[in-house]
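To be precise, the following lines are upload-v7.cif, and they hold mmCIF, C-alpha atoms and all ligand atoms.
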```
data_structure
loop_
_atom_site.label_atom_id
_atom_site.label_comp_id
_atom_site.auth_asym_id
_atom_site.auth_seq_id
_atom_site.Cartn_x
_atom_site.Cartn_y
_atom_site.Cartn_z
CA MET X 14 -192.19 71.45 -141.40
CA ILE X 15 -193.44 69.68 -144.53
CA ILE X 16 -193.42 65.89 -144.77
CA SER X 17 -194.35 65.16 -148.37
CA ARG X 18 -195.93 61.97 -149.63
CA PRO X 19 -193.48 59.50 -151.29
CA GLN X 20 -193.83 59.07 -155.02
CA THR X 21 -192.50 56.44 -157.38
CA GLY X 22 -191.85 56.91 -161.07
CA LYS X 23 -189.17 57.29 -163.71
CA VAL X 24 -187.74 60.52 -162.31
CA ARG X 25 -187.64 59.00 -158.80
CA THR X 26 -185.71 55.94 -160.06
CA ARG X 27 -183.17 58.10 -161.88
CA ARG X 28 -182.76 60.37 -158.87
CA ASN X 29 -182.21 57.34 -156.62
CA PHE X 30 -179.40 56.23 -158.89
CA VAL X 31 -177.77 59.68 -159.05
CA MET X 32 -178.15 60.32 -155.31
CA SER X 33 -176.74 56.89 -154.36
CA PHE X 34 -173.80 57.50 -156.67
CA LEU X 35 -173.10 60.95 -155.17
CA VAL X 36 -173.42 59.77 -151.55
CA GLY X 37 -171.18 56.77 -152.35
CA LEU X 38 -168.61 59.07 -153.94
CA PHE X 39 -168.74 61.42 -150.95
CA LEU X 40 -168.20 58.54 -148.50
CA ILE X 41 -165.49 56.70 -150.44
CA ALA X 42 -163.33 59.57 -151.82
CA PRO X 43 -161.60 60.59 -148.54
CA TRP X 44 -160.48 56.98 -147.95
CA VAL X 45 -158.78 56.59 -151.34
CA VAL X 46 -154.98 56.58 -151.17
CA LEU X 47 -152.94 56.77 -154.39
CA PRO X 48 -150.03 54.37 -155.10
CA ASP X 49 -147.51 57.04 -153.97
CA GLY X 50 -149.23 57.17 -150.56
CA SER X 51 -150.90 60.56 -151.02
CA PRO X 52 -154.67 60.95 -150.53
CA LEU X 53 -156.91 61.40 -153.58
CA ILE X 54 -158.54 64.50 -152.04
CA ARG X 55 -157.47 66.27 -148.86
CA LEU X 56 -157.42 69.93 -147.90
CA ASP X 57 -154.73 69.56 -145.27
CA ILE X 58 -155.11 72.92 -143.51
CA PRO X 59 -152.58 72.34 -140.66
CA ARG X 60 -149.85 71.55 -143.24
CA ARG X 61 -151.27 74.12 -145.65
CA VAL X 62 -151.29 71.77 -148.64
CA PHE X 63 -154.16 70.56 -150.79
CA HIS X 64 -154.05 67.10 -152.35
CA LEU X 65 -156.26 66.94 -155.44
CA PHE X 66 -156.24 63.91 -157.76
CA GLY X 67 -152.48 63.33 -157.48
CA GLY X 68 -151.54 67.02 -157.54
CA LEU X 69 -150.31 69.02 -154.58
CA PHE X 70 -151.31 72.67 -154.21
CA ILE X 71 -150.65 75.35 -151.64
CA PRO X 72 -152.83 78.34 -150.63
CA GLN X 73 -150.25 80.74 -152.12
CA GLU X 74 -151.17 79.48 -155.58
CA GLY X 75 -153.89 82.11 -155.69
CA LEU X 76 -154.33 82.11 -159.47
CA ILE X 77 -155.22 78.43 -159.56
CA LEU X 78 -157.70 78.99 -156.71
CA TRP X 79 -159.27 81.86 -158.67
CA PHE X 80 -159.55 79.71 -161.78
CA PHE X 81 -161.15 76.97 -159.69
CA LEU X 82 -163.72 79.34 -158.11
CA LEU X 83 -164.46 80.98 -161.47
CA THR X 84 -164.98 77.56 -163.08
CA MET X 85 -167.42 76.59 -160.29
CA GLY X 86 -169.33 79.90 -160.57
CA LEU X 87 -169.52 79.90 -164.38
CA SER X 88 -170.53 76.21 -164.46
CA LEU X 89 -173.41 77.09 -162.16
CA PHE X 90 -174.39 79.97 -164.46
CA PHE X 91 -174.10 77.83 -167.60
CA PHE X 92 -175.96 74.76 -166.34
CA THR X 93 -178.70 76.81 -164.65
CA SER X 94 -179.35 78.72 -167.88
CA VAL X 95 -179.54 75.44 -169.83
CA ILE X 96 -181.14 72.92 -167.49
CA GLY X 97 -182.52 75.03 -164.64
CA ARG X 98 -182.07 74.11 -160.99
CA VAL X 99 -180.85 70.58 -161.61
CA TRP X 100 -178.26 70.99 -158.86
CA CYS X 101 -180.96 71.65 -156.22
CA GLY X 102 -183.04 68.57 -156.97
CA TRP X 103 -180.34 66.09 -157.90
CA GLY X 104 -177.02 67.09 -156.32
CA CYS X 105 -177.55 69.39 -153.33
CA PRO X 106 -176.75 67.71 -149.96
CA GLN X 107 -179.76 69.49 -148.40
CA THR X 108 -182.13 67.69 -150.81
CA ILE X 109 -180.29 64.36 -150.74
CA TYR X 110 -180.10 64.09 -146.96
CA THR X 111 -183.68 65.35 -146.45
CA ASP X 112 -184.71 62.51 -148.73
CA LEU X 113 -182.60 60.04 -146.73
CA PHE X 114 -184.00 61.27 -143.39
CA ASP X 115 -187.53 60.83 -144.77
CA ARG X 116 -186.76 57.26 -145.83
CA ILE X 117 -185.54 56.48 -142.31
CA GLY X 118 -188.65 58.11 -140.81
CA ARG X 119 -190.98 56.11 -143.06
CA PHE X 120 -189.03 52.89 -142.50
CA VAL X 121 -189.45 53.18 -138.72
CA LEU X 122 -192.83 54.90 -138.38
CA ASP X 123 -194.47 53.91 -141.66
CA SER X 124 -197.59 56.01 -142.26
CA LYS X 125 -197.26 57.63 -138.82
CA TYR X 126 -194.09 59.44 -139.91
CA GLY X 127 -194.58 63.18 -139.55
CA LYS X 128 -197.87 62.72 -137.66
CA LYS X 129 -198.41 64.02 -134.13
CA ASP X 130 -199.75 60.69 -132.87
CA ALA X 131 -196.60 58.74 -133.81
CA SER X 132 -195.31 56.67 -130.87
CA LEU X 133 -192.68 58.26 -128.63
CA HIS X 134 -190.27 55.35 -128.82
CA GLY X 135 -190.65 55.27 -132.62
CA LYS X 136 -189.76 58.96 -132.79
CA PHE X 137 -186.80 58.33 -130.50
CA ILE X 138 -185.49 55.59 -132.85
CA VAL X 139 -185.90 57.92 -135.84
CA TYR X 140 -184.01 60.73 -134.08
CA PHE X 141 -181.30 58.31 -132.98
CA LEU X 142 -180.82 57.06 -136.56
CA TRP X 143 -180.77 60.66 -137.83
CA VAL X 144 -177.97 61.42 -135.34
CA VAL X 145 -176.04 58.34 -136.51
CA VAL X 146 -176.38 59.37 -140.18
CA SER X 147 -175.41 62.96 -139.28
CA PHE X 148 -172.34 61.72 -137.43
CA ILE X 149 -171.25 59.46 -140.33
CA ALA X 150 -171.74 62.30 -142.84
CA SER X 151 -169.89 64.78 -140.58
CA PHE X 152 -167.04 62.32 -140.01
CA HIS X 153 -166.62 62.00 -143.77
CA TRP X 154 -166.89 65.75 -144.30
CA ILE X 155 -164.06 66.28 -141.77
CA ALA X 156 -162.16 63.44 -143.52
CA TYR X 157 -161.64 65.82 -146.45
CA PHE X 158 -159.43 67.84 -144.06
CA VAL X 159 -157.99 65.23 -141.66
CA SER X 160 -156.94 61.66 -142.52
CA PRO X 161 -159.93 59.33 -141.85
CA TYR X 162 -157.46 56.55 -140.99
CA GLU X 163 -155.90 58.70 -138.24
CA MET X 164 -159.32 59.72 -136.93
CA LEU X 165 -160.54 56.13 -136.91
CA ALA X 166 -157.42 54.99 -135.03
CA ASP X 167 -158.00 57.78 -132.47
CA TYR X 168 -161.65 56.77 -132.03
CA GLN X 169 -160.66 53.11 -131.61
CA SER X 170 -158.04 53.94 -128.97
CA LEU X 171 -160.38 56.44 -127.29
CA ILE X 172 -157.92 59.31 -127.60
CA PHE X 173 -160.12 61.65 -129.62
CA ALA X 174 -161.38 63.94 -126.85
CA ASN X 175 -158.49 66.41 -127.12
CA GLN X 176 -158.54 66.54 -130.93
CA THR X 177 -159.95 69.65 -132.62
CA TYR X 178 -161.54 67.58 -135.40
CA PHE X 179 -163.68 65.77 -132.83
CA TYR X 180 -165.39 69.03 -131.77
CA PHE X 181 -165.87 70.04 -135.41
CA THR X 182 -167.46 66.64 -136.06
CA LEU X 183 -169.80 67.13 -133.08
CA PHE X 184 -170.70 70.62 -134.30
CA PHE X 185 -171.48 69.45 -137.85
CA THR X 186 -173.44 66.47 -136.50
CA ALA X 187 -175.64 68.77 -134.42
CA ALA X 188 -175.99 71.28 -137.27
CA MET X 189 -176.98 68.57 -139.75
CA PHE X 190 -179.42 66.92 -137.34
CA ILE X 191 -181.22 70.26 -136.76
CA ASP X 192 -181.01 71.47 -140.36
CA ILE X 193 -182.02 68.31 -142.21
CA GLY X 194 -184.32 67.00 -139.50
CA PHE X 195 -186.25 70.16 -138.65
CA ILE X 196 -185.37 73.15 -140.86
CA ARG X 197 -185.53 71.06 -144.05
CA GLU X 198 -187.21 72.81 -147.00
CA GLN X 199 -187.34 76.13 -145.12
CA PHE X 200 -183.63 76.47 -145.86
CA CYS X 201 -184.28 76.15 -149.62
CA ARG X 202 -187.20 78.56 -149.53
CA TYR X 203 -185.84 81.29 -147.27
CA ALA X 204 -182.06 80.95 -146.77
CA CYS X 205 -180.41 79.48 -149.87
CA PRO X 206 -178.72 82.30 -151.84
CA TYR X 207 -178.66 80.24 -155.05
CA ALA X 208 -182.46 79.97 -155.02
CA ARG X 209 -182.68 83.77 -154.86
CA PHE X 210 -180.63 84.55 -157.96
CA GLN X 211 -181.61 81.54 -160.08
CA THR X 212 -184.37 83.57 -161.75
CA LEU X 213 -181.69 85.93 -163.09
CA LEU X 214 -179.84 83.02 -164.68
CA MET X 215 -182.82 81.41 -166.38
CA ASP X 216 -185.06 82.58 -169.18
CA GLU X 217 -188.15 81.32 -171.00
CA HIS X 218 -186.04 78.79 -172.90
CA SER X 219 -184.48 77.12 -169.83
CA TRP X 220 -185.38 73.47 -169.38
CA ASN X 221 -187.23 73.16 -166.11
CA VAL X 222 -189.92 71.34 -164.18
CA THR X 223 -192.92 73.19 -165.65
CA TYR X 224 -196.67 72.87 -165.65
CA ASP X 225 -198.34 72.79 -169.07
CA PHE X 226 -200.96 75.45 -168.36
CA LYS X 227 -202.12 75.45 -171.97
CA ARG X 228 -203.40 71.91 -171.69
CA GLY X 229 -204.11 71.93 -167.98
CA GLU X 230 -206.11 75.14 -167.60
CA PRO X 231 -208.82 75.89 -166.75
CA ARG X 232 -208.45 73.09 -164.27
CA ARG X 233 -211.37 71.15 -162.87
CA ASP X 234 -213.48 73.16 -160.49
CA GLY X 235 -216.06 70.98 -158.77
CA LYS X 236 -217.75 69.07 -161.54
CA THR X 237 -216.83 71.56 -164.25
CA LYS X 238 -213.90 70.28 -166.28
CA ILE X 239 -212.54 72.14 -169.27
CA GLY X 240 -208.74 71.70 -169.23
CA ASP X 241 -206.86 68.46 -168.55
CA CYS X 242 -205.93 69.15 -164.91
CA ILE X 243 -208.36 67.24 -162.74
CA SER X 244 -207.36 69.17 -159.54
CA CYS X 245 -206.33 65.95 -157.81
CA ASN X 246 -203.72 67.97 -155.90
CA MET X 247 -201.22 65.09 -156.08
CA CYS X 248 -198.51 67.42 -157.42
CA VAL X 249 -198.86 69.49 -154.25
CA VAL X 250 -198.95 66.69 -151.66
CA VAL X 251 -195.77 65.08 -153.02
CA CYS X 252 -193.86 68.37 -153.18
CA PRO X 253 -191.12 68.45 -150.52
CA THR X 254 -191.28 72.25 -150.34
CA GLY X 255 -195.09 72.37 -150.31
CA ILE X 256 -195.55 74.57 -153.37
CA ASP X 257 -198.05 74.35 -156.21
CA ILE X 258 -196.10 74.20 -159.48
CA ARG X 259 -199.30 75.18 -161.32
CA ASP X 260 -198.74 78.72 -159.98
CA GLY X 261 -195.59 78.97 -162.12
CA LEU X 262 -191.84 78.77 -161.47
CA GLN X 263 -191.11 79.68 -157.86
CA VAL X 264 -188.11 80.13 -155.56
CA GLY X 265 -189.43 77.19 -153.51
CA CYS X 266 -189.16 74.69 -156.40
CA VAL X 267 -186.03 72.59 -156.04
CA ALA X 268 -186.67 70.79 -159.36
CA CYS X 269 -186.83 67.39 -157.71
CA GLY X 270 -189.37 66.14 -160.26
CA LYS X 271 -191.67 64.42 -157.73
CA CYS X 272 -194.63 66.32 -159.17
CA VAL X 273 -193.64 65.05 -162.64
CA ASP X 274 -193.97 61.44 -161.45
CA ALA X 275 -197.19 62.24 -159.59
CA CYS X 276 -198.90 63.87 -162.57
CA THR X 277 -197.56 61.24 -164.97
CA SER X 278 -199.26 58.47 -162.96
CA ILE X 279 -202.50 60.45 -162.58
CA MET X 280 -202.67 61.39 -166.24
CA ALA X 281 -201.87 57.79 -167.26
CA LYS X 282 -205.18 56.78 -165.71
CA GLU X 283 -206.86 59.35 -167.98
CA ASN X 284 -204.86 58.07 -170.96
CA LYS X 285 -203.18 61.42 -171.31
CA LYS X 286 -199.66 62.74 -171.21
CA THR X 287 -198.35 64.36 -168.04
CA LEU X 288 -199.17 68.01 -167.47
CA ILE X 289 -195.97 68.54 -165.50
CA GLY X 290 -192.62 67.68 -167.06
CA TYR X 291 -189.24 68.95 -168.09
CA PHE X 292 -190.20 71.67 -170.56
CA SER X 293 -189.26 75.26 -171.28
CA LEU X 294 -191.86 77.98 -170.84
CA LYS X 295 -191.54 78.91 -174.50
CA GLN X 296 -192.06 75.29 -175.49
CA ILE X 297 -195.39 75.26 -173.67
CA GLU X 298 -196.47 78.64 -175.02
CA THR X 299 -195.61 78.03 -178.69
CA GLY X 300 -195.00 74.29 -178.99
CA ALA X 301 -191.56 75.09 -180.44
CA LYS X 302 -188.53 72.91 -179.70
CA ILE X 303 -186.20 73.94 -176.89
CA LYS X 304 -183.62 76.47 -178.05
CA TRP X 305 -180.40 75.28 -176.43
CA ILE X 306 -178.14 77.71 -178.31
CA ARG X 307 -178.98 81.29 -177.45
CA PRO X 308 -176.93 84.41 -176.54
CA ARG X 309 -176.99 83.71 -172.80
CA THR X 310 -175.83 80.06 -173.05
CA VAL X 311 -173.22 80.92 -175.71
CA ILE X 312 -171.71 83.71 -173.59
CA TYR X 313 -171.56 81.46 -170.50
CA ALA X 314 -170.05 78.63 -172.59
CA ILE X 315 -167.37 80.93 -174.06
CA LEU X 316 -166.47 82.33 -170.63
CA LEU X 317 -166.34 78.81 -169.17
CA THR X 318 -164.11 77.59 -172.00
CA VAL X 319 -161.74 80.55 -171.54
CA VAL X 320 -161.51 79.98 -167.77
CA ILE X 321 -161.03 76.19 -168.09
CA THR X 322 -158.34 76.74 -170.76
CA GLY X 323 -156.62 79.26 -168.46
CA ALA X 324 -156.78 76.77 -165.58
CA ILE X 325 -155.27 73.99 -167.73
CA ILE X 326 -152.44 76.28 -168.94
CA GLN X 327 -151.80 77.34 -165.35
CA LEU X 328 -151.73 73.72 -164.17
CA VAL X 329 -149.46 72.50 -166.96
CA THR X 330 -146.96 75.37 -166.62
CA ARG X 331 -146.87 75.64 -162.83
CA THR X 332 -143.57 75.06 -161.04
CA PRO X 333 -144.13 72.53 -158.25
CA MET X 334 -142.08 74.43 -155.69
CA SER X 335 -142.59 77.57 -153.65
CA MET X 336 -140.10 80.02 -152.19
CA ILE X 337 -140.60 83.16 -150.12
CA ALA X 338 -137.48 85.29 -149.68
CA ALA X 339 -137.10 88.17 -147.21
CA SER X 340 -134.12 90.12 -145.94
CA ASN X 341 -133.21 89.14 -142.43
CA LYS X 342 -134.48 92.20 -140.49
CA SER X 343 -132.36 91.53 -137.43
CA MET X 344 -129.18 91.23 -139.51
CA PRO X 345 -128.90 94.08 -142.05
CA PRO X 346 -126.28 93.90 -144.82
CA ILE X 347 -122.77 94.81 -143.75
CA LEU X 348 -119.73 96.17 -145.55
CA ILE X 349 -116.74 93.87 -145.28
CA PRO X 350 -113.14 94.40 -146.40
CA ASP X 351 -112.43 94.88 -150.15
CA ASN X 352 -115.67 96.83 -150.54
CA LYS X 353 -117.76 93.68 -150.55
CA ILE X 354 -121.25 93.40 -149.12
CA ARG X 355 -122.45 90.55 -147.00
CA ALA X 356 -126.26 90.16 -146.80
CA PHE X 357 -128.49 87.75 -144.89
CA VAL X 358 -131.70 86.44 -146.40
CA ALA X 359 -134.39 84.23 -144.85
CA LEU X 360 -136.04 81.69 -147.17
CA ARG X 361 -139.16 79.57 -146.76
CA ILE X 362 -139.13 76.77 -149.29
CA GLN X 363 -141.83 74.20 -149.92
CA ASN X 364 -141.87 71.17 -152.23
CA ILE X 365 -145.33 71.12 -153.81
CA ALA X 366 -144.71 68.06 -155.95
CA PRO X 367 -146.38 64.78 -154.99
CA ILE X 368 -142.92 63.12 -154.61
CA GLU X 369 -139.68 63.81 -152.72
CA LYS X 370 -137.20 65.97 -154.61
CA GLU X 371 -133.66 67.28 -154.24
CA PHE X 372 -133.23 71.02 -154.64
CA GLN X 373 -130.27 73.24 -155.44
CA LEU X 374 -130.01 76.86 -154.29
CA THR X 375 -128.03 79.54 -156.09
CA ALA X 376 -128.02 83.34 -155.94
CA PHE X 377 -126.75 85.98 -158.34
CA ASP X 378 -125.79 89.59 -158.39
CA THR X 379 -127.82 90.29 -161.52
CA ARG X 380 -125.92 93.46 -162.43
CA HIS X 381 -122.65 91.59 -162.81
CA GLY X 382 -124.02 88.09 -163.41
CA LYS X 383 -121.86 86.71 -160.59
CA GLU X 384 -122.85 84.00 -158.16
CA ILE X 385 -123.14 85.42 -154.64
CA LEU X 386 -124.46 82.60 -152.42
CA ILE X 387 -121.77 81.48 -150.02
CA ARG X 388 -123.56 79.64 -147.24
CA SER X 389 -126.96 78.11 -146.67
CA GLY X 390 -126.17 75.59 -143.96
CA GLU X 391 -126.82 72.79 -146.49
CA GLU X 392 -124.03 70.74 -148.04
CA ASN X 393 -123.29 72.24 -151.51
CA ASN X 394 -126.49 74.23 -151.02
CA ARG X 395 -128.46 71.09 -151.92
CA PHE X 396 -131.16 69.50 -149.83
CA LYS X 397 -134.05 67.07 -150.10
CA LEU X 398 -137.68 67.80 -149.29
CA GLY X 399 -140.52 65.32 -149.07
CA SER X 400 -143.88 65.98 -150.76
CA GLY X 401 -145.44 69.07 -149.17
CA GLU X 402 -142.47 69.53 -146.81
CA ILE X 403 -141.48 73.06 -145.80
CA LYS X 404 -137.98 74.21 -144.92
CA SER X 405 -136.81 77.53 -143.50
CA ILE X 406 -133.24 78.40 -144.46
CA SER X 407 -131.06 81.42 -143.64
CA VAL X 408 -128.61 82.12 -146.42
CA VAL X 409 -125.54 84.34 -146.46
CA LEU X 410 -124.80 86.22 -149.67
CA GLU X 411 -121.52 87.90 -150.44
CA THR X 412 -120.95 90.20 -153.39
CA GLN X 413 -117.76 90.75 -155.32
CA THR X 414 -115.84 93.97 -154.80
CA LEU X 415 -118.13 96.89 -155.60
CA THR X 416 -117.06 100.24 -157.00
CA GLU X 417 -117.56 103.44 -155.01
CA GLN X 418 -120.31 104.43 -157.42
CA GLU X 419 -122.13 101.13 -156.91
CA LEU X 420 -121.81 101.42 -153.16
CA ASN X 421 -123.26 104.93 -153.29
CA GLU X 422 -126.29 103.75 -155.26
CA GLY X 423 -127.62 102.21 -152.06
CA TYR X 424 -128.89 98.92 -153.46
CA LEU X 425 -127.78 95.94 -155.52
CA PRO X 426 -130.18 93.94 -157.72
CA GLY X 427 -129.95 90.21 -157.22
CA SER X 428 -131.92 87.01 -157.47
CA ILE X 429 -132.23 83.71 -155.69
CA VAL X 430 -132.82 80.60 -157.79
CA LEU X 431 -134.28 77.34 -156.54
CA LYS X 432 -133.86 74.41 -158.95
CA ASN X 433 -134.81 70.79 -159.08
CA ALA X 434 -131.35 69.20 -158.76
CA GLU X 435 -132.29 66.51 -161.31
CA ASP X 436 -134.12 68.74 -163.77
CA SER X 437 -132.72 72.25 -164.14
CA ASP X 438 -135.69 73.31 -166.31
CA GLU X 439 -137.80 73.14 -163.17
CA ARG X 440 -136.71 76.35 -161.48
CA LEU X 441 -138.08 79.25 -159.51
CA GLU X 442 -136.44 82.67 -159.40
CA LYS X 443 -137.09 85.41 -156.84
CA LYS X 444 -135.80 88.91 -157.37
CA LEU X 445 -133.90 90.53 -154.53
CA SER X 446 -132.95 94.10 -153.93
CA LEU X 447 -130.07 94.14 -151.48
CA THR X 448 -130.05 97.41 -149.57
CA LEU X 449 -126.47 98.47 -149.08
CA PRO X 450 -125.33 99.93 -145.77
CA ARG X 451 -125.09 103.74 -145.50
CA ARG X 452 -121.52 105.02 -145.34
S1 LIG I 1 -192.81 71.77 -157.56
FE1 LIG I 1 -192.30 69.68 -158.23
S2 LIG I 1 -190.15 69.78 -158.82
FE2 LIG I 1 -190.60 71.64 -157.65
S3 LIG I 1 -190.02 71.08 -155.56
FE3 LIG I 1 -192.21 70.65 -155.73
S4 LIG I 1 -192.28 68.50 -156.36
FE4 LIG I 1 -190.19 69.16 -156.67
S1 LIG I 2 -201.09 66.13 -160.44
FE1 LIG I 2 -201.56 66.83 -162.51
S2 LIG I 2 -203.75 66.55 -162.65
FE2 LIG I 2 -203.31 66.46 -160.48
S3 LIG I 2 -203.54 68.57 -159.80
FE3 LIG I 2 -201.40 68.35 -160.33
S4 LIG I 2 -201.32 69.04 -162.44
FE4 LIG I 2 -203.47 68.64 -162.00
#
```
Entire entry expressed as structure tokens:
Amino acid sequence: MIISRPQTGKVRTRRNFVMSFLVGLFLIAPWVVLPDGSPLIRLDIPRRVFHLFGGLFIPQEGLILWFFLLTMGLSLFFFTSVIGRVWCGWGCPQTIYTDLFDRIGRFVLDSKYGKKDASLHGKFIVYFLWVVVSFIASFHWIAYFVSPYEMLADYQSLIFANQTYFYFTLFFTAAMFIDIGFIREQFCRYACPYARFQTLLMDEHSWNVTYDFKRGEPRRDGKTKIGDCISCNMCVVVCPTGIDIRDGLQVGCVACGKCVDACTSIMAKENKKTLIGYFSLKQIETGAKIKWIRPRTVIYAILLTVVITGAIIQLVTRTPMSMIAASNKSMPPILIPDNKIRAFVALRIQNIAPIEKEFQLTAFDTRHGKEILIRSGEENNRFKLGSGEIKSISVVLETQTLTEQELNEGYLPGSIVLKNAEDSDERLEKKLSLTLPRR
């Protein structure tokens, strides 16, 4: 386990700001309730609805989910190719919470933090505070799935022990305590999949934490000094993953920039510019400016634009209702007098708008264009559904008189239409193929 030395500097100050903002956002977002009463963000798995910034989505909306995942993946590709592993050093929870745990450790144990001779009760206080932070973070992580207000009320009335979320919170608390407290940088170096394929996404033009070997080498060796690097080793002792950036870009580098601050302060004493900074490899080799526009970044940008445009079109044109229709297996269609067919269809309807709506059901025999819905159990086949509410309805369809030829065909094409009762443009149509009884 590596406990790196703290380091102040410009990069550190900027990271503090970004990290505080991200942690604040993470802690506040699940508590935000919009004026219509819906949460800002909640993946409500028991009710199978996702609340996202005022929109309501359901898992069946697979295309939107694909667009979302593709946008995430391509953004990672694009930003890694342009600005390297900025996510790892500035946005990844592993880095942010390791940093927070270290601050707690230093606050309690001061210079004894990470040393074997630290007092037992001091270590106990550090571990206790780590558990508290892990619990708070886990509570808020679960709050993206379960209402934090409900969980808090349960905790206050001591009725949480039989709630599933409580055991998930305990599990995540334990996992975070072990991972951030003891596994730490080992996760970045040996387990993180992103660290493994980042080298494929970057090239010599990517903007990264890089050592200027042209100026720095040959570094000081004993009293011999030729290049600018004085071999103070400060860039190594501040590194949270324990690597030496002078050996080149490595999987272990999380681009946190601590070595940039360290070398900047050392080189300032020598009246020189830092040897470690945000440069591209090509920039160091040739002194040329960073080439932001290159085939790799252009291709990623085009793909990202296409996917984001597709996602926007999908979002704008989506119908905020869902309907699954299936023939009632236990009640096959029957032939009734006058050569009419009576069929039974089971519907599962969900309102995926953020407000309550009234719906109207109709059904058609599409070959003849005749309405065939006779009964749904709802008055005038109209009903109201609250936001996210699901309703199962059994409907009875009855055709007009069919000819002998039509009856012998064995099936009748039809469709069920679900409409917003106040806005008939908002409609969803499901095709049906009514199997006719054998005669
Ligand atoms: S090499 Fe520098 S930027 Fe990379 S992890 Fe170590 S301190 Fe952070
Ligand atoms: S901090 Fe700078 S001067 Fe010191 S060893 Fe690292 S690169 Fe060399």
Distance table requested - chain X against ligand LIG 2 (chain I), cut-off 6 Å, only C-alpha atoms and all ligand atoms: one row per qualifying residue with the closest atom pair and its distance in Å to one decimal, ordered by chain and rising residue number, as CSV.
```
residue,atom,partner,partner_atom,distance
X:Cys242,CA,I:LIG2,FE4,3.8
X:Ile243,CA,I:LIG2,S2,4.7
X:Ser244,CA,I:LIG2,S3,3.9
X:Cys245,CA,I:LIG2,FE2,4.1
X:Asn246,CA,I:LIG2,S3,3.9
X:Met247,CA,I:LIG2,S1,4.5
X:Cys248,CA,I:LIG2,S1,4.2
X:Ala275,CA,I:LIG2,S1,5.6
X:Cys276,CA,I:LIG2,S1,3.8
X:Leu288,CA,I:LIG2,S4,5.6
```
>> As a quick test: using only C-alpha atoms and all ligand atoms, which residues lie no more than 7 Å away from ligand LIG 1 (chain I)? Give them as a PyMOL selection string.
In response: chain X and resi 222+248-249+251-258+265-273
> Which of these residues is nearest to X:Ile325, using only C-alpha atoms: X:Lys238, X:Tyr157, X:Leu76, X:Gly135?
Replying inline: X:Leu76
Could you give me, as a JSON list (two decimals) with C-alpha atoms, in the coordinates of the input, the residues within 12 Å of X:Val311, counting all atoms listed in the file and dropping anything in the same chain fewer than 3 positions from it?
```
[["chain", "number", "residue", "atom", "x", "y", "z"],
["X", 87, "LEU", "CA", -169.52, 79.90, -164.38],
["X", 90, "PHE", "CA", -174.39, 79.97, -164.46],
["X", 91, "PHE", "CA", -174.10, 77.83, -167.60],
["X", 92, "PHE", "CA", -175.96, 74.76, -166.34],
["X", 94, "SER", "CA", -179.35, 78.72, -167.88],
["X", 95, "VAL", "CA", -179.54, 75.44, -169.83],
["X", 304, "LYS", "CA", -183.62, 76.47, -178.05],
["X", 305, "TRP", "CA", -180.40, 75.28, -176.43],
["X", 306, "ILE", "CA", -178.14, 77.71, -178.31],
["X", 307, "ARG", "CA", -178.98, 81.29, -177.45],
["X", 308, "PRO", "CA", -176.93, 84.41, -176.54],
["X", 314, "ALA", "CA", -170.05, 78.63, -172.59],
["X", 315, "ILE", "CA", -167.37, 80.93, -174.06],
["X", 316, "LEU", "CA", -166.47, 82.33, -170.63],
["X", 317, "LEU", "CA", -166.34, 78.81, -169.17],
["X", 318, "THR", "CA", -164.11, 77.59, -172.00]]
```
> Which is closer to X:Asn433 than all the others in X:Glu369, X:Glu391, X:Asp216, X:Asp378, using all atoms listed in the file?
Replying inline: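 Nearest candidate to X:Asn433 out of X:Glu369, X:Glu391, X:Asp216, X:Asp378: X:Glu369.
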>> I'd like the contact shell of X:Leu374 - 12 Å cut-off, only C-alpha atoms, skipping same-chain residues fewer than 6 positions apart - returned as number ranges by chain.
In response: X: 336, 360, 362, 384-397, 406-410, 428-434, 437, 440-443
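Across the model, the gap from atom CA of X:Lys286 to atom CA of X:Phe226 is 13.1 Å.
Closest approach to X:Leu89 among X:Gln263, X:Thr223, X:Gln211, X:Ser340: X:Gln211, based on all atoms listed in the file.
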> Taking into account only C-alpha atoms, which residue in the set X:Ile403, X:Ile321, X:Leu53, X:Leu420 is nearest to X:Trp79?
Replying inline: X:Ile321
>> Let me make sure I understand: among X:Gly382, X:Gly401, X:Gly37, X:Gly300, which one has the smallest atom-to-atom distance to X:Met334 if we use all atoms listed in the file?
In response: X:Gly401
> Can you tell me, as a list in words, what residues are no more than 9 Å from X:Ala339 when counting all atoms listed in the file, ignoring any on the same chain fewer than 4 positions away?
Replying inline: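 My list of contacting residues is Phe357, Val358, Ala359, Leu360, Arg361 and Leu445 of chain X.
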> Using all atoms listed in the file, which residue out of X:Asp438, X:Asp49, X:Phe173, X:Lys227 lies closest to X:Gly240?
Replying inline: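 That would be X:Lys227, the residue with the smallest distance to X:Gly240.
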> Which distance in Å separates atom CA of X:Ser219 and atom CA of X:Leu294, to one decimal?
Replying inline: 7.5 Å
